[in-house]
$ cat work_28.cif   # mmCIF, C-alpha atoms
data_structure
#
loop_
_atom_site.group_PDB
_atom_site.id
_atom_site.type_symbol
_atom_site.label_atom_id
_atom_site.label_comp_id
_atom_site.auth_asym_id
_atom_site.auth_seq_id
_atom_site.Cartn_x
_atom_site.Cartn_y
_atom_site.Cartn_z
ATOM 1 C CA MET A 6 44.587 -96.112 64.195
ATOM 2 C CA SER A 7 46.625 -93.036 63.367
ATOM 3 C CA TRP A 8 45.040 -89.662 62.562
ATOM 4 C CA ARG A 9 46.587 -89.947 59.138
ATOM 5 C CA ASP A 10 44.241 -92.841 58.424
ATOM 6 C CA TYR A 11 41.306 -90.414 58.531
ATOM 7 C CA PHE A 12 42.796 -88.277 55.747
ATOM 8 C CA TYR A 13 43.860 -91.115 53.539
ATOM 9 C CA PHE A 14 42.005 -91.238 50.215
ATOM 10 C CA SER A 15 42.263 -93.695 47.448
ATOM 11 C CA LYS A 16 43.013 -92.557 43.938
ATOM 12 C CA GLY A 17 39.324 -92.663 42.904
ATOM 13 C CA GLU A 18 38.273 -90.732 46.025
ATOM 14 C CA ARG A 19 40.852 -88.038 45.361
ATOM 15 C CA SER A 20 39.547 -87.612 41.773
ATOM 16 C CA ALA A 21 35.948 -87.299 42.991
ATOM 17 C CA LEU A 22 36.974 -84.787 45.643
ATOM 18 C CA ILE A 23 38.783 -82.604 43.078
ATOM 19 C CA ILE A 24 35.733 -82.607 40.783
ATOM 20 C CA LEU A 25 33.471 -81.627 43.690
ATOM 21 C CA LEU A 26 35.727 -78.721 44.631
ATOM 22 C CA CYS A 27 35.715 -77.494 41.025
ATOM 23 C CA LEU A 28 31.934 -77.588 40.906
ATOM 24 C CA ILE A 29 31.664 -75.680 44.165
ATOM 25 C CA THR A 30 34.087 -73.040 42.852
ATOM 26 C CA ILE A 31 32.156 -72.574 39.572
ATOM 27 C CA ALA A 32 28.873 -72.297 41.450
ATOM 28 C CA GLY A 33 30.363 -69.629 43.705
ATOM 29 C CA ILE A 34 31.625 -67.571 40.741
ATOM 30 C CA VAL A 35 28.199 -67.701 39.051
ATOM 31 C CA LEU A 36 26.496 -66.626 42.285
ATOM 32 C CA VAL A 37 28.837 -63.645 42.669
ATOM 33 C CA ILE A 38 28.256 -62.457 39.087
ATOM 34 C CA THR A 39 24.466 -62.727 39.474
ATOM 35 C CA ASP A 40 24.489 -60.716 42.722
ATOM 36 C CA SER A 41 26.564 -57.936 41.149
ATOM 37 C CA ASN A 42 24.122 -57.565 38.209
ATOM 38 C CA ASN A 43 21.182 -57.329 40.567
ATOM 39 C CA ALA A 44 22.975 -54.655 42.565
ATOM 40 C CA GLU A 45 23.541 -52.473 39.442
ATOM 41 C CA THR A 46 19.863 -52.444 38.418
ATOM 42 C CA PRO A 47 17.773 -52.085 41.506
ATOM 43 C CA GLU A 48 14.043 -52.240 41.174
ATOM 44 C CA ILE A 49 12.385 -48.796 41.158
ATOM 45 C CA LYS A 50 8.901 -48.590 42.516
ATOM 46 C CA PRO A 51 7.000 -45.310 42.263
ATOM 47 C CA ASN A 52 4.655 -44.434 45.045
ATOM 48 C CA ILE A 53 0.990 -43.690 44.412
ATOM 49 C CA SER A 54 1.217 -39.951 45.160
ATOM 50 C CA GLN A 55 3.974 -39.527 42.554
ATOM 51 C CA ILE A 56 1.918 -41.273 39.878
ATOM 52 C CA GLN A 57 -1.117 -39.080 40.637
ATOM 53 C CA GLN A 58 1.034 -35.954 40.444
ATOM 54 C CA ALA A 59 2.261 -37.001 36.980
ATOM 55 C CA ASP A 60 -1.258 -36.717 35.602
ATOM 56 C CA SER A 61 -1.122 -32.926 35.901
ATOM 57 C CA SER A 62 2.568 -32.097 35.683
ATOM 58 C CA GLY A 63 3.808 -34.891 33.428
ATOM 59 C CA ILE A 64 6.821 -35.578 35.707
ATOM 60 C CA ILE A 65 7.370 -38.585 38.010
ATOM 61 C CA CYS A 66 10.184 -38.461 40.600
ATOM 62 C CA TYR A 67 11.535 -41.773 41.898
ATOM 63 C CA GLU A 68 14.236 -42.123 44.512
ATOM 64 C CA ASP A 69 17.121 -41.672 42.056
ATOM 65 C CA THR A 70 15.378 -41.328 38.718
ATOM 66 C CA LEU A 71 13.422 -38.555 36.939
ATOM 67 C CA VAL A 72 10.831 -39.797 34.470
ATOM 68 C CA ILE A 73 8.922 -37.442 32.168
ATOM 69 C CA SER A 74 5.581 -38.691 30.978
ATOM 70 C CA LYS A 75 3.104 -37.128 28.572
ATOM 71 C CA PRO A 76 0.497 -35.141 30.549
ATOM 72 C CA LYS A 77 -3.120 -35.920 30.012
ATOM 73 C CA ASN A 78 -5.348 -33.312 28.434
ATOM 74 C CA VAL A 79 -7.892 -32.297 31.028
ATOM 75 C CA GLN A 80 -10.109 -30.408 28.608
ATOM 76 C CA LYS A 81 -11.340 -31.949 25.407
ATOM 77 C CA GLU A 82 -11.006 -29.995 22.171
ATOM 78 C CA LYS A 83 -14.166 -28.314 21.090
ATOM 79 C CA THR A 84 -15.792 -29.661 17.983
ATOM 80 C CA GLN A 85 -15.016 -27.282 15.100
ATOM 81 C CA LYS A 86 -17.768 -26.193 12.799
ATOM 82 C CA LYS A 87 -17.262 -27.343 9.247
ATOM 83 C CA GLU A 88 -16.422 -24.497 6.850
ATOM 84 C CA THR A 89 -18.149 -24.038 3.560
ATOM 85 C CA VAL A 90 -16.030 -23.522 0.442
ATOM 86 C CA SER A 91 -16.848 -19.793 0.294
ATOM 87 C CA GLU A 92 -16.026 -19.306 3.975
ATOM 88 C CA ARG A 93 -12.688 -21.077 3.580
ATOM 89 C CA VAL A 94 -11.748 -19.000 0.518
ATOM 90 C CA LYS A 95 -12.691 -15.803 2.350
ATOM 91 C CA ARG A 96 -10.643 -16.779 5.414
ATOM 92 C CA LEU A 97 -7.552 -17.754 3.398
ATOM 93 C CA THR A 98 -7.774 -14.612 1.251
ATOM 94 C CA SER A 99 -8.122 -12.286 4.225
ATOM 95 C CA SER A 100 -5.122 -13.927 5.929
ATOM 96 C CA GLN A 101 -2.794 -13.270 2.994
ATOM 97 C CA PRO A 102 -0.182 -10.656 4.097
ATOM 98 C CA GLY A 103 -0.145 -7.468 2.098
ATOM 99 C CA TYR A 104 -3.381 -8.310 0.255
ATOM 100 C CA THR A 105 -5.882 -5.483 -0.011
ATOM 101 C CA ARG A 106 -9.007 -5.529 -2.106
ATOM 102 C CA THR A 107 -9.418 -2.403 -4.249
ATOM 103 C CA GLU A 108 -12.906 -1.151 -4.921
ATOM 104 C CA LYS A 109 -13.364 -0.086 -8.547
ATOM 105 C CA PHE A 110 -15.065 3.084 -9.766
ATOM 106 C CA THR A 111 -18.541 2.817 -11.208
ATOM 107 C CA ALA A 112 -19.195 3.476 -14.894
ATOM 108 C CA GLY A 113 -19.278 7.166 -15.785
ATOM 109 C CA THR A 114 -16.554 8.224 -13.336
ATOM 110 C CA VAL A 115 -13.922 10.513 -14.873
ATOM 111 C CA ILE A 116 -10.421 10.906 -13.379
ATOM 112 C CA GLU A 117 -8.017 13.814 -13.863
ATOM 113 C CA LEU A 118 -4.920 12.094 -15.200
ATOM 114 C CA ASN A 119 -2.265 14.594 -14.052
ATOM 115 C CA SER A 120 -3.288 14.585 -10.394
ATOM 116 C CA ALA A 121 -4.328 10.959 -9.828
ATOM 117 C CA ASP A 122 -2.017 8.893 -7.647
ATOM 118 C CA THR A 123 -1.504 5.148 -7.895
ATOM 119 C CA THR A 124 -4.274 4.424 -5.388
ATOM 120 C CA THR A 125 -6.795 6.353 -7.482
ATOM 121 C CA LEU A 126 -5.556 4.826 -10.742
ATOM 122 C CA LYS A 127 -5.986 1.289 -9.398
ATOM 123 C CA LYS A 128 -9.684 1.986 -8.862
ATOM 124 C CA VAL A 129 -10.119 2.289 -12.617
ATOM 125 C CA PRO A 130 -11.252 -1.059 -14.117
ATOM 126 C CA GLY A 131 -8.389 -2.613 -16.049
ATOM 127 C CA ILE A 132 -5.611 -0.909 -14.056
ATOM 128 C CA GLY A 133 -3.656 -2.809 -11.428
ATOM 129 C CA SER A 134 -0.510 -1.986 -9.487
ATOM 130 C CA ALA A 135 1.809 -2.507 -12.470
ATOM 131 C CA PHE A 136 -0.048 -0.195 -14.862
ATOM 132 C CA ALA A 137 -0.662 2.396 -12.140
ATOM 133 C CA ASN A 138 3.055 2.610 -11.371
ATOM 134 C CA ARG A 139 3.977 2.791 -15.071
ATOM 135 C CA ILE A 140 1.497 5.605 -15.732
ATOM 136 C CA VAL A 141 2.783 7.677 -12.812
ATOM 137 C CA LYS A 142 6.419 7.072 -13.755
ATOM 138 C CA TYR A 143 5.864 8.086 -17.380
ATOM 139 C CA ARG A 144 3.871 11.139 -16.286
ATOM 140 C CA ASN A 145 6.753 12.269 -14.081
ATOM 141 C CA LEU A 146 9.222 11.887 -16.961
ATOM 142 C CA LEU A 147 7.017 13.949 -19.254
ATOM 143 C CA GLY A 148 6.102 16.588 -16.721
ATOM 144 C CA GLY A 149 2.418 15.734 -17.147
ATOM 145 C CA PHE A 150 -0.005 14.661 -19.855
ATOM 146 C CA TYR A 151 -1.421 17.205 -22.322
ATOM 147 C CA SER A 152 -3.712 14.595 -23.885
ATOM 148 C CA VAL A 153 -5.366 11.360 -22.795
ATOM 149 C CA SER A 154 -4.001 9.816 -26.004
ATOM 150 C CA GLN A 155 -0.528 9.796 -24.401
ATOM 151 C CA LEU A 156 -1.660 6.832 -22.312
ATOM 152 C CA GLY A 157 -1.013 4.780 -25.426
ATOM 153 C CA GLU A 158 2.697 5.559 -25.011
ATOM 154 C CA VAL A 159 2.852 3.834 -21.615
ATOM 155 C CA TYR A 160 4.605 0.461 -21.805
ATOM 156 C CA GLY A 161 2.135 -2.416 -22.067
ATOM 157 C CA ILE A 162 -0.895 -0.342 -23.057
ATOM 158 C CA ASP A 163 -1.803 -1.431 -26.578
ATOM 159 C CA GLU A 164 -4.623 -0.070 -28.739
ATOM 160 C CA GLU A 165 -7.251 -2.327 -27.230
ATOM 161 C CA LYS A 166 -6.172 -1.478 -23.695
ATOM 162 C CA TYR A 167 -6.086 2.231 -24.482
ATOM 163 C CA ASN A 168 -9.611 2.190 -25.937
ATOM 164 C CA SER A 169 -10.926 0.640 -22.711
ATOM 165 C CA LEU A 170 -9.099 3.167 -20.482
ATOM 166 C CA ALA A 171 -9.539 6.443 -22.390
ATOM 167 C CA PRO A 172 -13.193 7.091 -21.366
ATOM 168 C CA TRP A 173 -12.177 7.154 -17.695
ATOM 169 C CA PHE A 174 -9.766 10.101 -17.963
ATOM 170 C CA THR A 175 -9.452 13.777 -18.673
ATOM 171 C CA VAL A 176 -6.374 16.056 -18.429
ATOM 172 C CA ASP A 177 -5.720 19.524 -17.047
ATOM 173 C CA ILE A 178 -2.805 21.009 -19.024
ATOM 174 C CA LEU A 179 -2.318 23.684 -16.354
ATOM 175 C CA LEU A 180 -0.792 20.944 -14.154
ATOM 176 C CA ILE A 181 2.029 20.270 -16.637
ATOM 177 C CA LYS A 182 5.506 21.104 -15.320
ATOM 178 C CA GLN A 183 7.465 22.855 -18.076
ATOM 179 C CA LEU A 184 11.227 22.726 -18.576
ATOM 180 C CA ASN A 185 13.003 26.083 -18.650
ATOM 181 C CA ILE A 186 15.319 25.733 -21.617
ATOM 182 C CA HIS A 187 17.727 28.379 -20.301
ATOM 183 C CA THR A 188 18.384 26.820 -16.918
ATOM 184 C CA LEU A 189 18.355 23.090 -17.582
ATOM 185 C CA PRO A 190 21.646 21.382 -18.521
ATOM 186 C CA GLN A 191 21.899 19.165 -21.583
ATOM 187 C CA GLU A 192 21.781 16.016 -19.439
ATOM 188 C CA SER A 193 18.404 16.999 -17.987
ATOM 189 C CA LEU A 194 16.932 17.739 -21.421
ATOM 190 C CA ARG A 195 17.976 14.272 -22.627
ATOM 191 C CA LYS A 196 15.923 12.633 -19.878
ATOM 192 C CA HIS A 197 12.694 13.905 -21.405
ATOM 193 C CA PRO A 198 10.962 11.167 -23.464
ATOM 194 C CA TYR A 199 10.447 13.552 -26.411
ATOM 195 C CA ILE A 200 14.050 14.850 -26.639
ATOM 196 C CA ASN A 201 16.851 12.647 -27.938
ATOM 197 C CA TYR A 202 20.602 13.074 -27.604
ATOM 198 C CA GLN A 203 21.041 14.951 -30.917
ATOM 199 C CA GLN A 204 18.232 17.369 -30.143
ATOM 200 C CA ALA A 205 19.553 18.117 -26.653
ATOM 201 C CA LYS A 206 23.003 18.708 -28.100
ATOM 202 C CA ALA A 207 21.593 21.067 -30.784
ATOM 203 C CA ILE A 208 19.689 23.105 -28.170
ATOM 204 C CA ASN A 209 22.806 23.434 -26.032
ATOM 205 C CA LYS A 210 24.874 24.563 -29.036
ATOM 206 C CA LEU A 211 22.232 27.142 -30.032
ATOM 207 C CA LEU A 212 22.154 28.495 -26.503
ATOM 208 C CA GLN A 213 25.915 28.971 -26.577
ATOM 209 C CA GLN A 214 25.559 31.009 -29.763
ATOM 210 C CA LYS A 215 22.517 33.139 -28.922
ATOM 211 C CA LYS A 216 22.773 33.099 -25.121
ATOM 212 C CA LYS A 217 18.973 33.408 -24.945
ATOM 213 C CA LEU A 218 16.198 31.935 -27.075
ATOM 214 C CA SER A 219 13.037 33.941 -27.600
ATOM 215 C CA GLY A 220 10.736 31.054 -28.413
ATOM 216 C CA TRP A 221 9.991 27.957 -30.437
ATOM 217 C CA GLU A 222 10.809 29.766 -33.673
ATOM 218 C CA ASN A 223 14.485 29.529 -32.745
ATOM 219 C CA LEU A 224 14.303 25.730 -32.569
ATOM 220 C CA GLN A 225 12.489 25.511 -35.901
ATOM 221 C CA LEU A 226 15.692 26.665 -37.571
ATOM 222 C CA LEU A 227 17.372 23.458 -36.422
ATOM 223 C CA ASN A 228 17.200 20.394 -38.660
ATOM 224 C CA GLU A 229 16.887 18.148 -35.611
ATOM 225 C CA PHE A 230 13.316 19.328 -34.885
ATOM 226 C CA THR A 231 10.221 18.691 -37.006
ATOM 227 C CA GLU A 232 6.663 19.975 -36.861
ATOM 228 C CA HIS A 233 5.715 16.805 -35.024
ATOM 229 C CA ASP A 234 8.376 17.581 -32.407
ATOM 230 C CA LYS A 235 6.983 21.113 -32.032
ATOM 231 C CA ALA A 236 3.440 19.805 -31.548
ATOM 232 C CA ARG A 237 4.618 17.637 -28.668
ATOM 233 C CA LEU A 238 7.342 19.774 -27.070
ATOM 234 C CA GLN A 239 5.506 23.096 -27.060
ATOM 235 C CA HIS A 240 3.659 21.858 -23.964
ATOM 236 C CA TYR A 241 6.869 21.116 -22.090
ATOM 237 C CA LEU A 242 9.491 23.733 -23.067
ATOM 238 C CA SER A 243 9.560 27.179 -21.530
ATOM 239 C CA PHE A 244 11.677 30.063 -22.933
ATOM 240 C CA GLU A 245 11.163 32.530 -20.075
#
$ encode --input "work_28.cif" --output "structure tokens"
Amino acid sequence: MSWRDYFYFSKGERSALIILLCLITIAGIVLVITDSNNAETPEIKPNISQIQQADSSGIICYEDTLVISKPKNVQKEKTQKKETVSERVKRLTSSQPGYTRTEKFTAGTVIELNSADTTTLKKVPGIGSAFANRIVKYRNLLGGFYSVSQLGEVYGIDEEKYNSLAPWFTVDILLIKQLNIHTLPQESLRKHPYINYQQAKAINKLLQQKKKLSGWENLQLLNEFTEHDKARLQHYLSFE
């Protein structure tokens, strides 16, 4: 028997052998792919000391991986005492930035209107920051109040408001700052609440003619000024 007889296969045997080789090849390919996937995702096992350390630090270190875990709270939160409605309102009010509570004057207190600042004015019942600022601003424009009744000229103070505020005030006319009619320019005279543009212009023209005015009698010759104007302006104009 020749050695070739050992390697002789019939047609059916050759077909079976080819199919077997194909199956072996496919199985090998699948095995290779599976091994490569396992190599890319190796199993990571933390040791016990690392897990215990994570309880306090919140960080677990593996061989090639850093894992951050949420640390446990060692201390429990203290039980808060329930607030009453009044306590809550008081706490929220006191925490408001820029909020200050103003104590009001008691009944019977009388304030000098020409020297009171906004802080003092706000202590009067019925006067807040807005009215206090308006009163001071108007007082500065006038040069001072000669009568408490002038409060009624402040913006926002109507008759009812004035009647509630008047008993709290008095005025010292010696604190009024007068305007020297010989030294002030026409523009400055026009800024006074009681002098309009035509009146300031008439005063300036009269000054150019006479150079110096002796008193209110000079202004009475002008049609621009009435007796009512004299009653108001005599407290504010100086002819010295």
$ atom_distance --input "work_28.cif" --atom1 "atom CA of A:Ala112" --atom2 "atom CA of A:Asn145"
27.4 Å
$ atom_distance --input "work_28.cif" --atom1 "atom CA of A:Gly220" --atom2 "atom CA of A:Lys206"
17.4 Å
$ atom_distance --input "work_28.cif" --atom1 "atom CA of A:Lys109" --atom2 "atom CA of A:Val129"
5.7 Å
$ closest_residue --input "work_28.cif" --among "A:Lys217, A:Lys182, A:Lys16, A:Lys142" --to "A:Gln239" --atoms "only C-alpha atoms"
A:Lys182
$ closest_residue --input "work_28.cif" --among "A:Gln155, A:Gln225, A:Asn185, A:Thr124" --to "A:Glu245" --atoms "only C-alpha atoms"
A:Asn185
$ residues_near_point --input "work_28.cif" --point "(5.2, 18.2, -15.8)" --cutoff "8 Å" --atoms "all atoms listed in the file" --output "list of chain:residue names"
A:Arg144, A:Asn145, A:Leu146, A:Leu147, A:Gly148, A:Gly149, A:Phe150, A:Leu180, A:Ile181, A:Lys182, A:Gln183, A:Tyr241
$ residues_around --input "work_28.cif" --residues "A:Thr188" --least-positions-apart "5" --cutoff "12 Å" --atoms "only C-alpha atoms" --output "list in words"
Gln183, Ser193, Leu194, Ile208, Asn209, Leu212, Lys216, Lys217, Leu218, Leu242, Ser243, Phe244 and Glu245 of chain A
$ resolve_selection --input "work_28.cif" --expression "the PyMOL selection byres ((chain A and resi 135) around 12)" --output "list of chain:residue names"
A:Thr123, A:Thr124, A:Leu126, A:Lys127, A:Gly131, A:Ile132, A:Gly133, A:Ser134, A:Phe136, A:Ala137, A:Asn138, A:Arg139, A:Ile140, A:Val141, A:Lys142, A:Val159, A:Tyr160, A:Gly161, A:Ile162
$ write_last_selection --input "work_28.cif" --atoms "C-alpha atoms" --output "short mmCIF file (atom, residue, chain, number, x, y, z; two decimals), in the coordinates of the input"
data_model
loop_
_atom_site.label_atom_id
_atom_site.label_comp_id
_atom_site.auth_asym_id
_atom_site.auth_seq_id
_atom_site.Cartn_x
_atom_site.Cartn_y
_atom_site.Cartn_z
CA THR A 123 -1.50 5.15 -7.90
CA THR A 124 -4.27 4.42 -5.39
CA LEU A 126 -5.56 4.83 -10.74
CA LYS A 127 -5.99 1.29 -9.40
CA GLY A 131 -8.39 -2.61 -16.05
CA ILE A 132 -5.61 -0.91 -14.06
CA GLY A 133 -3.66 -2.81 -11.43
CA SER A 134 -0.51 -1.99 -9.49
CA PHE A 136 -0.05 -0.20 -14.86
CA ALA A 137 -0.66 2.40 -12.14
CA ASN A 138 3.06 2.61 -11.37
CA ARG A 139 3.98 2.79 -15.07
CA ILE A 140 1.50 5.60 -15.73
CA VAL A 141 2.78 7.68 -12.81
CA LYS A 142 6.42 7.07 -13.76
CA VAL A 159 2.85 3.83 -21.62
CA TYR A 160 4.61 0.46 -21.80
CA GLY A 161 2.13 -2.42 -22.07
CA ILE A 162 -0.90 -0.34 -23.06
#
$ axis_aligned_box --input "work_28.cif" --around "stretch 144-147 of chain A" --padding-each-side "6 Å" --output "lines of an AutoDock Vina configuration file"
center_x = 6.5
center_y = 12.5
center_z = -16.7
size_x = 17.4
size_y = 14.8
size_z = 17.2
$ decode --input "work_28.cif" --residues "stretch 156-167 of chain A" --atoms "all heavy atoms" --output "PDB file, in the first residue's frame"
ATOM      1  N   LEU A 156     -45.672 124.260  55.503  1.00  0.00           N
ATOM      2  CA  LEU A 156     -45.625 122.807  55.286  1.00  0.00           C
ATOM      3  C   LEU A 156     -46.656 122.382  54.261  1.00  0.00           C
ATOM      4  O   LEU A 156     -46.474 121.402  53.542  1.00  0.00           O
ATOM      5  CB  LEU A 156     -45.871 122.065  56.603  1.00  0.00           C
ATOM      6  CG  LEU A 156     -44.687 121.861  57.538  1.00  0.00           C
ATOM      7  CD1 LEU A 156     -45.143 121.176  58.810  1.00  0.00           C
ATOM      8  CD2 LEU A 156     -43.589 121.067  56.860  1.00  0.00           C
ATOM      9  N   GLY A 157     -47.752 123.114  54.185  1.00  0.00           N
ATOM     10  CA  GLY A 157     -48.791 122.794  53.213  1.00  0.00           C
ATOM     11  C   GLY A 157     -48.358 123.002  51.779  1.00  0.00           C
ATOM     12  O   GLY A 157     -49.043 122.563  50.848  1.00  0.00           O
ATOM     13  N   GLU A 158     -47.203 123.665  51.574  1.00  0.00           N
ATOM     14  CA  GLU A 158     -46.686 123.884  50.226  1.00  0.00           C
ATOM     15  C   GLU A 158     -45.778 122.743  49.762  1.00  0.00           C
ATOM     16  O   GLU A 158     -45.403 122.676  48.594  1.00  0.00           O
ATOM     17  CB  GLU A 158     -45.908 125.208  50.181  1.00  0.00           C
ATOM     18  CG  GLU A 158     -46.748 126.428  50.558  1.00  0.00           C
ATOM     19  CD  GLU A 158     -45.908 127.682  50.708  1.00  0.00           C
ATOM     20  OE1 GLU A 158     -44.716 127.648  50.362  1.00  0.00           O
ATOM     21  OE2 GLU A 158     -46.444 128.701  51.192  1.00  0.00           O
ATOM     22  N   VAL A 159     -45.425 121.861  50.690  1.00  0.00           N
ATOM     23  CA  VAL A 159     -44.564 120.719  50.352  1.00  0.00           C
ATOM     24  C   VAL A 159     -45.366 119.725  49.526  1.00  0.00           C
ATOM     25  O   VAL A 159     -46.536 119.432  49.834  1.00  0.00           O
ATOM     26  CB  VAL A 159     -44.020 120.047  51.625  1.00  0.00           C
ATOM     27  CG1 VAL A 159     -43.199 118.810  51.273  1.00  0.00           C
ATOM     28  CG2 VAL A 159     -43.174 121.046  52.418  1.00  0.00           C
ATOM     29  N   TYR A 160     -44.765 119.210  48.472  1.00  0.00           N
ATOM     30  CA  TYR A 160     -45.458 118.289  47.562  1.00  0.00           C
ATOM     31  C   TYR A 160     -45.968 117.062  48.318  1.00  0.00           C
ATOM     32  O   TYR A 160     -45.227 116.405  49.054  1.00  0.00           O
ATOM     33  CB  TYR A 160     -44.511 117.836  46.449  1.00  0.00           C
ATOM     34  CG  TYR A 160     -45.107 116.808  45.524  1.00  0.00           C
ATOM     35  CD1 TYR A 160     -46.050 117.170  44.571  1.00  0.00           C
ATOM     36  CD2 TYR A 160     -44.733 115.468  45.611  1.00  0.00           C
ATOM     37  CE1 TYR A 160     -46.611 116.228  43.730  1.00  0.00           C
ATOM     38  CE2 TYR A 160     -45.280 114.518  44.767  1.00  0.00           C
ATOM     39  CZ  TYR A 160     -46.220 114.910  43.827  1.00  0.00           C
ATOM     40  OH  TYR A 160     -46.772 113.969  43.002  1.00  0.00           O
ATOM     41  N   GLY A 161     -47.238 116.761  48.151  1.00  0.00           N
ATOM     42  CA  GLY A 161     -47.840 115.574  48.747  1.00  0.00           C
ATOM     43  C   GLY A 161     -48.525 115.825  50.072  1.00  0.00           C
ATOM     44  O   GLY A 161     -49.251 114.948  50.564  1.00  0.00           O
ATOM     45  N   ILE A 162     -48.307 116.988  50.678  1.00  0.00           N
ATOM     46  CA  ILE A 162     -48.955 117.295  51.951  1.00  0.00           C
ATOM     47  C   ILE A 162     -50.243 118.069  51.663  1.00  0.00           C
ATOM     48  O   ILE A 162     -50.208 119.270  51.366  1.00  0.00           O
ATOM     49  CB  ILE A 162     -48.028 118.095  52.880  1.00  0.00           C
ATOM     50  CG1 ILE A 162     -46.777 117.277  53.213  1.00  0.00           C
ATOM     51  CG2 ILE A 162     -48.750 118.489  54.164  1.00  0.00           C
ATOM     52  CD1 ILE A 162     -45.812 117.960  54.157  1.00  0.00           C
ATOM     53  N   ASP A 163     -51.365 117.376  51.740  1.00  0.00           N
ATOM     54  CA  ASP A 163     -52.653 118.028  51.511  1.00  0.00           C
ATOM     55  C   ASP A 163     -53.174 118.611  52.825  1.00  0.00           C
ATOM     56  O   ASP A 163     -52.481 118.602  53.860  1.00  0.00           O
ATOM     57  CB  ASP A 163     -53.652 117.040  50.911  1.00  0.00           C
ATOM     58  CG  ASP A 163     -53.792 115.772  51.750  1.00  0.00           C
ATOM     59  OD1 ASP A 163     -53.380 115.782  52.935  1.00  0.00           O
ATOM     60  OD2 ASP A 163     -54.288 114.766  51.223  1.00  0.00           O
ATOM     61  N   GLU A 164     -54.391 119.125  52.807  1.00  0.00           N
ATOM     62  CA  GLU A 164     -54.947 119.787  53.984  1.00  0.00           C
ATOM     63  C   GLU A 164     -55.067 118.836  55.170  1.00  0.00           C
ATOM     64  O   GLU A 164     -54.734 119.189  56.306  1.00  0.00           O
ATOM     65  CB  GLU A 164     -56.323 120.375  53.638  1.00  0.00           C
ATOM     66  CG  GLU A 164     -56.949 121.153  54.794  1.00  0.00           C
ATOM     67  CD  GLU A 164     -58.289 121.770  54.419  1.00  0.00           C
ATOM     68  OE1 GLU A 164     -58.698 121.612  53.239  1.00  0.00           O
ATOM     69  OE2 GLU A 164     -58.921 122.396  55.282  1.00  0.00           O
ATOM     70  N   GLU A 165     -55.526 117.637  54.895  1.00  0.00           N
ATOM     71  CA  GLU A 165     -55.676 116.656  55.971  1.00  0.00           C
ATOM     72  C   GLU A 165     -54.327 116.282  56.569  1.00  0.00           C
ATOM     73  O   GLU A 165     -54.176 116.183  57.802  1.00  0.00           O
ATOM     74  CB  GLU A 165     -56.381 115.400  55.429  1.00  0.00           C
ATOM     75  CG  GLU A 165     -56.616 114.336  56.480  1.00  0.00           C
ATOM     76  CD  GLU A 165     -57.315 113.108  55.906  1.00  0.00           C
ATOM     77  OE1 GLU A 165     -57.664 113.124  54.699  1.00  0.00           O
ATOM     78  OE2 GLU A 165     -57.527 112.144  56.667  1.00  0.00           O
ATOM     79  N   LYS A 166     -53.345 116.088  55.707  1.00  0.00           N
ATOM     80  CA  LYS A 166     -52.001 115.745  56.176  1.00  0.00           C
ATOM     81  C   LYS A 166     -51.401 116.897  56.968  1.00  0.00           C
ATOM     82  O   LYS A 166     -50.769 116.688  58.020  1.00  0.00           O
ATOM     83  CB  LYS A 166     -51.119 115.415  54.964  1.00  0.00           C
ATOM     84  CG  LYS A 166     -49.737 114.881  55.314  1.00  0.00           C
ATOM     85  CD  LYS A 166     -49.817 113.464  55.790  1.00  0.00           C
ATOM     86  CE  LYS A 166     -48.447 112.860  55.980  1.00  0.00           C
ATOM     87  NZ  LYS A 166     -48.507 111.475  56.482  1.00  0.00           N
ATOM     88  N   TYR A 167     -51.594 118.113  56.475  1.00  0.00           N
ATOM     89  CA  TYR A 167     -51.054 119.280  57.170  1.00  0.00           C
ATOM     90  C   TYR A 167     -51.668 119.425  58.563  1.00  0.00           C
ATOM     91  O   TYR A 167     -50.959 119.701  59.545  1.00  0.00           O
ATOM     92  CB  TYR A 167     -51.308 120.551  56.360  1.00  0.00           C
ATOM     93  CG  TYR A 167     -51.069 121.808  57.161  1.00  0.00           C
ATOM     94  CD1 TYR A 167     -49.775 122.234  57.434  1.00  0.00           C
ATOM     95  CD2 TYR A 167     -52.146 122.548  57.662  1.00  0.00           C
ATOM     96  CE1 TYR A 167     -49.556 123.379  58.203  1.00  0.00           C
ATOM     97  CE2 TYR A 167     -51.931 123.685  58.426  1.00  0.00           C
ATOM     98  CZ  TYR A 167     -50.627 124.097  58.689  1.00  0.00           C
ATOM     99  OH  TYR A 167     -50.418 125.212  59.458  1.00  0.00           O
TER     100      TYR A 167
END
